[in-house]
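Trainee: Data file final-v3.json (JSON, C-alpha atoms) is appended below.
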[["chain", "number", "residue", "atom", "x", "y", "z"],
["A", 9, "MET", "CA", 180.16, 88.85, 123.02],
["A", 10, "GLN", "CA", 176.70, 90.14, 123.84],
["A", 11, "ILE", "CA", 174.96, 88.27, 126.65],
["A", 12, "THR", "CA", 171.61, 86.86, 125.57],
["A", 13, "ARG", "CA", 169.09, 84.38, 126.95],
["A", 14, "ASN", "CA", 170.59, 81.68, 124.72],
["A", 15, "ASN", "CA", 174.32, 82.15, 125.37],
["A", 16, "TYR", "CA", 174.37, 83.16, 129.02],
["A", 17, "SER", "CA", 175.41, 79.74, 130.36],
["A", 18, "GLN", "CA", 178.12, 79.49, 127.70],
["A", 19, "TYR", "CA", 179.39, 82.97, 128.58],
["A", 20, "THR", "CA", 179.46, 82.18, 132.31],
["A", 21, "LYS", "CA", 181.36, 78.93, 131.73],
["A", 22, "MET", "CA", 183.90, 80.76, 129.57],
["A", 23, "ILE", "CA", 184.49, 83.35, 132.31],
["A", 24, "GLN", "CA", 184.91, 80.63, 134.91],
["A", 25, "GLN", "CA", 187.40, 78.80, 132.72],
["A", 26, "MET", "CA", 189.38, 82.00, 132.23],
["A", 27, "LEU", "CA", 189.50, 82.41, 136.01],
["A", 28, "GLY", "CA", 190.59, 78.80, 136.44],
["A", 29, "SER", "CA", 187.47, 77.65, 138.23],
["A", 30, "GLU", "CA", 184.77, 75.15, 137.42],
["A", 31, "SER", "CA", 181.08, 75.89, 137.74],
["A", 32, "SER", "CA", 179.21, 74.42, 140.67],
["A", 33, "PHE", "CA", 175.65, 74.58, 141.86],
["A", 34, "SER", "CA", 176.77, 76.58, 144.89],
["A", 35, "ASP", "CA", 178.21, 79.26, 142.60],
["A", 36, "PRO", "CA", 175.53, 82.01, 142.20],
["A", 37, "MET", "CA", 176.75, 82.73, 138.66],
["A", 38, "ALA", "CA", 176.07, 79.09, 137.75],
["A", 39, "GLN", "CA", 172.54, 79.42, 139.10],
["A", 40, "CYS", "CA", 171.71, 82.45, 136.95],
["A", 41, "ASP", "CA", 169.84, 82.06, 133.69],
["A", 42, "TYR", "CA", 169.73, 85.47, 132.05],
["A", 43, "GLY", "CA", 166.27, 86.53, 130.89],
["A", 44, "ASN", "CA", 164.45, 83.40, 132.05],
["A", 45, "PHE", "CA", 161.00, 84.70, 133.01],
["A", 46, "ALA", "CA", 160.28, 81.63, 135.15],
["A", 47, "LEU", "CA", 163.17, 82.60, 137.45],
["A", 48, "ARG", "CA", 162.13, 86.21, 137.97],
["A", 49, "PHE", "CA", 161.54, 85.67, 141.70],
["A", 50, "GLN", "CA", 164.17, 82.96, 142.30],
["A", 51, "PRO", "CA", 166.81, 84.49, 144.63],
["A", 52, "VAL", "CA", 170.51, 83.81, 144.20],
["A", 53, "ASN", "CA", 173.46, 84.86, 146.37],
["A", 54, "LEU", "CA", 174.95, 86.96, 143.60],
["A", 55, "PRO", "CA", 176.76, 90.14, 144.68],
["A", 56, "PHE", "CA", 175.39, 93.08, 142.71],
["A", 57, "VAL", "CA", 175.59, 96.86, 142.50],
["A", 58, "LYS", "CA", 172.34, 98.58, 143.40],
["A", 59, "PRO", "CA", 170.80, 100.70, 140.63],
["A", 60, "ASN", "CA", 171.56, 104.42, 140.59],
["A", 61, "TRP", "CA", 168.17, 105.92, 139.79],
["A", 62, "SER", "CA", 169.68, 109.28, 138.92],
["A", 63, "ASN", "CA", 170.88, 107.81, 135.61],
["A", 64, "ILE", "CA", 168.22, 105.17, 134.93],
["A", 65, "MET", "CA", 164.97, 106.22, 133.27],
["A", 66, "THR", "CA", 161.98, 105.67, 135.54],
["A", 67, "LYS", "CA", 158.69, 107.38, 136.31],
["A", 68, "ARG", "CA", 159.15, 110.43, 138.55],
["A", 69, "GLU", "CA", 156.67, 112.09, 140.90],
["A", 70, "GLN", "CA", 156.77, 115.26, 138.77],
["A", 71, "PRO", "CA", 158.14, 115.91, 135.25],
["A", 72, "ALA", "CA", 161.35, 117.94, 135.23],
["A", 73, "MET", "CA", 159.53, 120.68, 133.30],
["A", 74, "SER", "CA", 156.45, 121.44, 131.21],
["A", 75, "GLU", "CA", 156.16, 120.51, 127.55],
["A", 76, "ALA", "CA", 156.78, 124.11, 126.48],
["A", 77, "GLU", "CA", 159.83, 124.27, 128.74],
["A", 78, "PHE", "CA", 161.12, 120.97, 127.36],
["A", 79, "GLU", "CA", 160.84, 122.25, 123.80],
["A", 80, "GLU", "CA", 162.68, 125.45, 124.65],
["A", 81, "ALA", "CA", 165.37, 123.55, 126.59],
["A", 82, "ILE", "CA", 165.97, 121.20, 123.64],
["A", 83, "LYS", "CA", 166.26, 124.14, 121.25],
["A", 84, "ASP", "CA", 168.55, 125.93, 123.69],
["A", 85, "LEU", "CA", 170.82, 122.88, 123.85],
["A", 86, "ALA", "CA", 171.07, 122.89, 120.05],
["A", 87, "ARG", "CA", 171.93, 126.60, 120.11],
["A", 88, "LYS", "CA", 174.67, 126.13, 122.70],
["A", 89, "GLU", "CA", 176.19, 123.27, 120.72],
["A", 90, "PHE", "CA", 175.98, 125.27, 117.49],
["A", 91, "SER", "CA", 177.78, 128.18, 119.13],
["A", 92, "THR", "CA", 180.63, 126.00, 120.45],
["A", 93, "GLY", "CA", 180.73, 123.63, 117.49],
["A", 94, "LYS", "CA", 180.89, 120.71, 119.93],
["A", 95, "ARG", "CA", 178.42, 118.08, 121.05],
["A", 96, "ASP", "CA", 177.66, 118.15, 124.80],
["A", 97, "ASP", "CA", 176.94, 114.45, 125.27],
["A", 98, "ALA", "CA", 176.34, 114.69, 129.04],
["A", 99, "ALA", "CA", 173.81, 117.51, 128.69],
["A", 100, "TYR", "CA", 172.14, 115.75, 125.74],
["A", 101, "ARG", "CA", 171.75, 112.47, 127.65],
["A", 102, "GLN", "CA", 170.45, 114.18, 130.78],
["A", 103, "LEU", "CA", 167.84, 116.26, 128.96],
["A", 104, "CYS", "CA", 166.81, 113.34, 126.74],
["A", 105, "MET", "CA", 166.37, 111.19, 129.85],
["A", 106, "GLN", "CA", 164.25, 113.81, 131.63],
["A", 107, "HIS", "CA", 162.14, 114.29, 128.50],
["A", 108, "GLY", "CA", 161.61, 110.54, 128.07],
["A", 109, "GLU", "CA", 160.74, 109.88, 131.70],
["A", 110, "THR", "CA", 157.34, 111.52, 131.25],
["A", 111, "VAL", "CA", 156.23, 108.24, 129.61],
["A", 112, "SER", "CA", 158.54, 105.79, 131.42],
["A", 113, "PRO", "CA", 157.28, 102.84, 133.47],
["A", 114, "ASP", "CA", 157.98, 102.97, 137.19],
["A", 115, "ARG", "CA", 161.12, 100.85, 137.01],
["A", 116, "LYS", "CA", 162.09, 101.73, 140.57],
["A", 117, "ALA", "CA", 158.79, 100.40, 141.92],
["A", 118, "ILE", "CA", 159.10, 97.26, 139.76],
["A", 119, "TYR", "CA", 162.63, 96.68, 141.05],
["A", 120, "GLU", "CA", 161.63, 97.21, 144.69],
["A", 121, "ALA", "CA", 158.61, 94.90, 144.35],
["A", 122, "SER", "CA", 160.83, 92.17, 142.90],
["A", 123, "MET", "CA", 163.40, 92.62, 145.65],
["A", 124, "GLY", "CA", 160.62, 92.26, 148.18],
["A", 125, "ARG", "CA", 159.82, 88.86, 146.69],
["A", 126, "THR", "CA", 163.45, 87.71, 146.72],
["A", 127, "GLY", "CA", 164.36, 89.00, 150.15],
["A", 128, "GLY", "CA", 166.61, 91.70, 148.74],
["A", 129, "LYS", "CA", 168.62, 89.29, 146.60],
["A", 130, "MET", "CA", 169.17, 89.38, 142.86],
["A", 131, "ASN", "CA", 166.77, 87.13, 140.97],
["A", 132, "ALA", "CA", 168.20, 84.25, 138.94],
["A", 133, "ALA", "CA", 167.02, 85.85, 135.69],
["A", 134, "CYS", "CA", 168.89, 89.12, 136.36],
["A", 135, "MET", "CA", 165.90, 90.88, 134.81],
["A", 136, "PHE", "CA", 162.77, 92.66, 135.95],
["A", 137, "TRP", "CA", 159.28, 92.55, 134.39],
["A", 138, "ASP", "CA", 156.17, 94.65, 134.94],
["A", 139, "SER", "CA", 152.78, 93.19, 135.88],
["A", 140, "GLN", "CA", 151.95, 92.63, 132.19],
["A", 141, "GLY", "CA", 155.08, 90.57, 131.61],
["A", 142, "ASN", "CA", 157.02, 93.30, 129.78],
["A", 143, "LYS", "CA", 160.78, 93.52, 130.31],
["A", 144, "THR", "CA", 161.67, 96.82, 131.95],
["A", 145, "LEU", "CA", 165.11, 96.53, 133.55],
["A", 146, "SER", "CA", 168.09, 94.18, 133.39],
["A", 147, "TYR", "CA", 171.33, 93.64, 135.27],
["A", 148, "ASN", "CA", 174.54, 92.34, 133.68],
["A", 149, "PRO", "CA", 176.27, 90.29, 136.39],
["A", 150, "VAL", "CA", 179.57, 90.29, 134.48],
["A", 151, "SER", "CA", 179.92, 94.04, 133.78],
["A", 152, "ARG", "CA", 177.68, 94.96, 136.78],
["A", 153, "ASN", "CA", 175.79, 97.43, 134.63],
["A", 154, "TRP", "CA", 172.07, 98.18, 134.69],
["A", 155, "LYS", "CA", 170.05, 98.73, 131.52],
["A", 156, "ALA", "CA", 166.57, 100.18, 131.16],
["A", 157, "ILE", "CA", 164.75, 98.23, 128.45],
["A", 158, "SER", "CA", 162.97, 100.91, 126.42],
["A", 159, "THR", "CA", 159.23, 100.76, 125.74],
["A", 160, "GLU", "CA", 157.53, 101.78, 122.49],
["A", 161, "GLU", "CA", 156.30, 104.93, 124.25],
["A", 162, "GLU", "CA", 159.86, 105.83, 125.19],
["A", 163, "PHE", "CA", 161.08, 105.22, 121.63],
["A", 164, "SER", "CA", 158.31, 107.47, 120.32],
["A", 165, "ARG", "CA", 159.15, 110.14, 122.88],
["A", 166, "ALA", "CA", 162.83, 109.98, 121.89],
["A", 167, "ARG", "CA", 161.85, 110.61, 118.27],
["A", 168, "VAL", "CA", 160.04, 113.78, 119.36],
["A", 169, "PHE", "CA", 163.17, 114.94, 121.19],
["A", 170, "THR", "CA", 165.39, 114.23, 118.17],
["A", 171, "SER", "CA", 163.00, 116.00, 115.81],
["A", 172, "ILE", "CA", 162.97, 119.22, 117.88],
["A", 173, "TYR", "CA", 166.75, 119.12, 118.29],
["A", 174, "ASN", "CA", 167.49, 118.44, 114.60],
["A", 175, "ASP", "CA", 164.96, 121.02, 113.39],
["A", 176, "GLU", "CA", 166.62, 123.71, 115.49],
["A", 177, "LEU", "CA", 170.09, 122.76, 114.21],
["A", 178, "ALA", "CA", 168.78, 122.86, 110.65],
["A", 179, "ARG", "CA", 167.28, 126.31, 111.28],
["A", 180, "LEU", "CA", 170.59, 127.60, 112.64],
["A", 181, "LYS", "CA", 172.53, 126.23, 109.68],
["A", 182, "LYS", "CA", 170.08, 127.88, 107.30],
["A", 183, "GLU", "CA", 170.26, 131.21, 109.13],
["A", 184, "TYR", "CA", 174.02, 131.41, 109.70],
["A", 185, "GLY", "CA", 175.41, 129.11, 107.03],
["A", 186, "GLU", "CA", 176.46, 125.49, 106.78],
["A", 187, "TYR", "CA", 179.96, 126.14, 108.13],
["A", 188, "ALA", "CA", 179.06, 128.67, 110.84],
["A", 189, "LYS", "CA", 179.13, 126.19, 113.73],
["A", 190, "GLY", "CA", 181.53, 127.40, 116.38],
["A", 191, "THR", "CA", 181.74, 130.91, 114.93],
["A", 192, "VAL", "CA", 178.53, 132.52, 116.23],
["A", 193, "SER", "CA", 178.23, 133.34, 119.93],
["A", 194, "TYR", "CA", 175.45, 131.87, 122.03],
["A", 195, "GLN", "CA", 174.44, 135.40, 123.06],
["A", 196, "GLN", "CA", 174.07, 136.42, 119.42],
["A", 197, "ILE", "CA", 171.99, 133.35, 118.62],
["A", 198, "CYS", "CA", 169.67, 134.05, 121.56],
["A", 199, "ALA", "CA", 169.35, 137.71, 120.62],
["A", 200, "ASP", "CA", 168.49, 136.82, 117.03],
["A", 201, "ALA", "CA", 165.97, 134.20, 118.20],
["A", 202, "ALA", "CA", 164.29, 136.77, 120.45],
["A", 203, "GLU", "CA", 164.13, 139.22, 117.55],
["A", 204, "MET", "CA", 162.45, 136.60, 115.37],
["A", 205, "ALA", "CA", 159.91, 135.60, 118.03],
["A", 206, "PRO", "CA", 156.34, 136.77, 117.33],
["A", 207, "LYS", "CA", 155.61, 140.03, 119.08],
["A", 208, "ALA", "CA", 152.77, 139.94, 121.57],
["A", 209, "GLN", "CA", 149.67, 141.55, 120.15],
["A", 210, "GLY", "CA", 148.11, 144.40, 122.12],
["A", 211, "ALA", "CA", 144.64, 143.97, 123.47],
["A", 212, "ILE", "CA", 141.84, 145.20, 121.23],
["A", 213, "ASP", "CA", 138.52, 146.40, 122.62],
["A", 214, "TYR", "CA", 135.48, 145.69, 120.51],
["A", 215, "LEU", "CA", 132.55, 147.98, 121.18],
["A", 216, "VAL", "CA", 129.08, 146.69, 120.39]]
Just give me the structure as structure tokens.

Mentor:
Amino acid sequence: MQITRNNYSQYTKMIQQMLGSESSFSDPMAQCDYGNFALRFQPVNLPFVKPNWSNIMTKREQPAMSEAEFEEAIKDLARKEFSTGKRDDAAYRQLCMQHGETVSPDRKAIYEASMGRTGGKMNAACMFWDSQGNKTLSYNPVSRNWKAISTEEEFSRARVFTSIYNDELARLKKEYGEYAKGTVSYQQICADAAEMAPKAQGAIDYLV
């Protein structure tokens, strides 16, 4: 069952019944109302795992790399995966996250500002909003997992990432053949890519 604003109380009651306990007002789980904006600064004594910002998208002081470097890194990831014939999910997620963070809201600052209002306790909504009232981050008190709620800018950025990645895979399939994945070395792919790259033009002096 997916926890939503409408079924949170029902889900909590079901968990309590499974554990053989009844809900009470003193129980922090009973005081939570998932996604209720009005409770965004209402503190509850709910034990929670602090967010690990190394795997949650948030605004960083500096982008991981330049746009040109991002494009090359995405293409390079596609080449490595083509050479092995296997998807590197960890590398894909990490690079996609770094690429997307260039347009991410400052979720860490939003979280810390909220915690300042609740005295360091989880809010009763288990969710965090920016100053414009947009959802940015949520906490699942049952699974104890954090989730960044993607913005339209992040969705758009992700489409750019996917386009670069898929275009490079399509190019490799066209160059080496549909069934060549896992049969061409990464070194060979890089050498061929370098050979295909436009050669730098020499400087030309124009005399008047």

Trainee: Quick check, in Å to one decimal: how far apart do CA of Arg125 (chain A) and CA of Phe49 (chain A) lie?

Mentor: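 The value is 6.2 Å.
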
Trainee: For Thr170 (chain A), find every residue with an atom within 10 Å (counting only C-alpha atoms), except residues of its own chain fewer than 5 positions away, and show them as a list in words.

Mentor: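 The neighbour list is Ile82, Cys104, Arg165, Asp175 and Glu176 of chain A.
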
Trainee: Could you check the closest approach to Asn174 (chain A) for each of A:Trp137, A:Tyr147, A:Phe90, A:Tyr194 and tell me which residue wins, using only C-alpha atoms?

Mentor: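 Under the stated criterion, the closest residue is A:Phe90.
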
Trainee: Contacts of Asn148 (chain A) at 10 Å or less, counting only C-alpha atoms, minus same-chain residues fewer than 6 places along, as a ChimeraX atom specification?

Mentor: /A:11,42,56-57,134-135,154-155

Trainee: Restricting the calculation to all atoms listed in the file, which member of A:Gln39, A:Thr191, A:Gln106, A:Thr66 is positioned closest to Ser158 (chain A)?

Mentor: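 Looking only at the distances to Ser158 (chain A), the closest residue turns out to be A:Thr66.
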
Trainee: Out of A:Tyr187, A:Tyr100, A:Phe163, A:Trp61, which residue has the shortest atom-to-atom distance to Ala81 (chain A) when counting only C-alpha atoms?

Mentor: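 So, comparing all the options, the nearest one is A:Tyr100.
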
Trainee: Kindly list the centre and edge lengths in Å, rounded to one decimal, for the axis-aligned box that covers all listed atoms of region 81-96 of chain A plus 4 Å on each of its six sides, as lines of an AutoDock Vina configuration file.

Mentor:
center_x = 173.1
center_y = 123.1
center_z = 122.0
size_x = 23.5
size_y = 18.1
size_z = 17.1

Trainee: CA of Arg179 (chain A) to CA of Asp84 (chain A): how many Å, to one decimal?

Mentor: 12.5 Å

Trainee: Quick one: everything within 10 Å of Glu80 (chain A), counting all atoms listed in the file, minus sequence neighbours fewer than 5 positions away in the same chain. Send it as a PyMOL selection string.

Mentor: chain A and resi 74-75+85-86+172-173

Trainee: Which polymer residues have any atom within 12 Å of an atom of Ser139 (chain A), counting only C-alpha atoms, with same-chain residues fewer than 2 positions away left out, as a list in words?

Mentor: Arg48, Pro113, Asp114, Arg115, Ala117, Ile118, Tyr119, Ala121, Ser122, Phe136, Trp137, Gly141, Asn142, Lys143 and Thr144 of chain A

Trainee: Which one is closest to Asn63 (chain A): A:Gln102, A:Gln50, A:Gln140, A:Thr92? Count all atoms listed in the file.

Mentor: A:Gln102

Trainee: List the spatial neighbours of Phe78 (chain A) as number ranges by chain - criterion: any atom at most 9 Å away, all atoms listed in the file, same-chain residues fewer than 5 positions off excluded.

Mentor: A: 72-73, 83, 103, 106-107, 169

Trainee: Using Å and a single decimal, report how far CA of Ala178 (chain A) sits from CA of Cys198 (chain A).

Mentor: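 Spanning CA of Cys198 (chain A) to CA of Ala178 (chain A) is a straight-line distance of 15.7 Å.
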
Trainee: With only C-alpha atoms as the atoms that count, which of A:Pro71, A:Gly93, A:Pro36, A:Gly124 lies nearest to Pro55 (chain A)?

Mentor: A:Pro36

Trainee: In terms of the shortest atom-to-atom distance over only C-alpha atoms, which of A:Thr126, A:Asn153, A:Ser171, A:Gln196 is closest to Leu47 (chain A)?

Mentor: A:Thr126
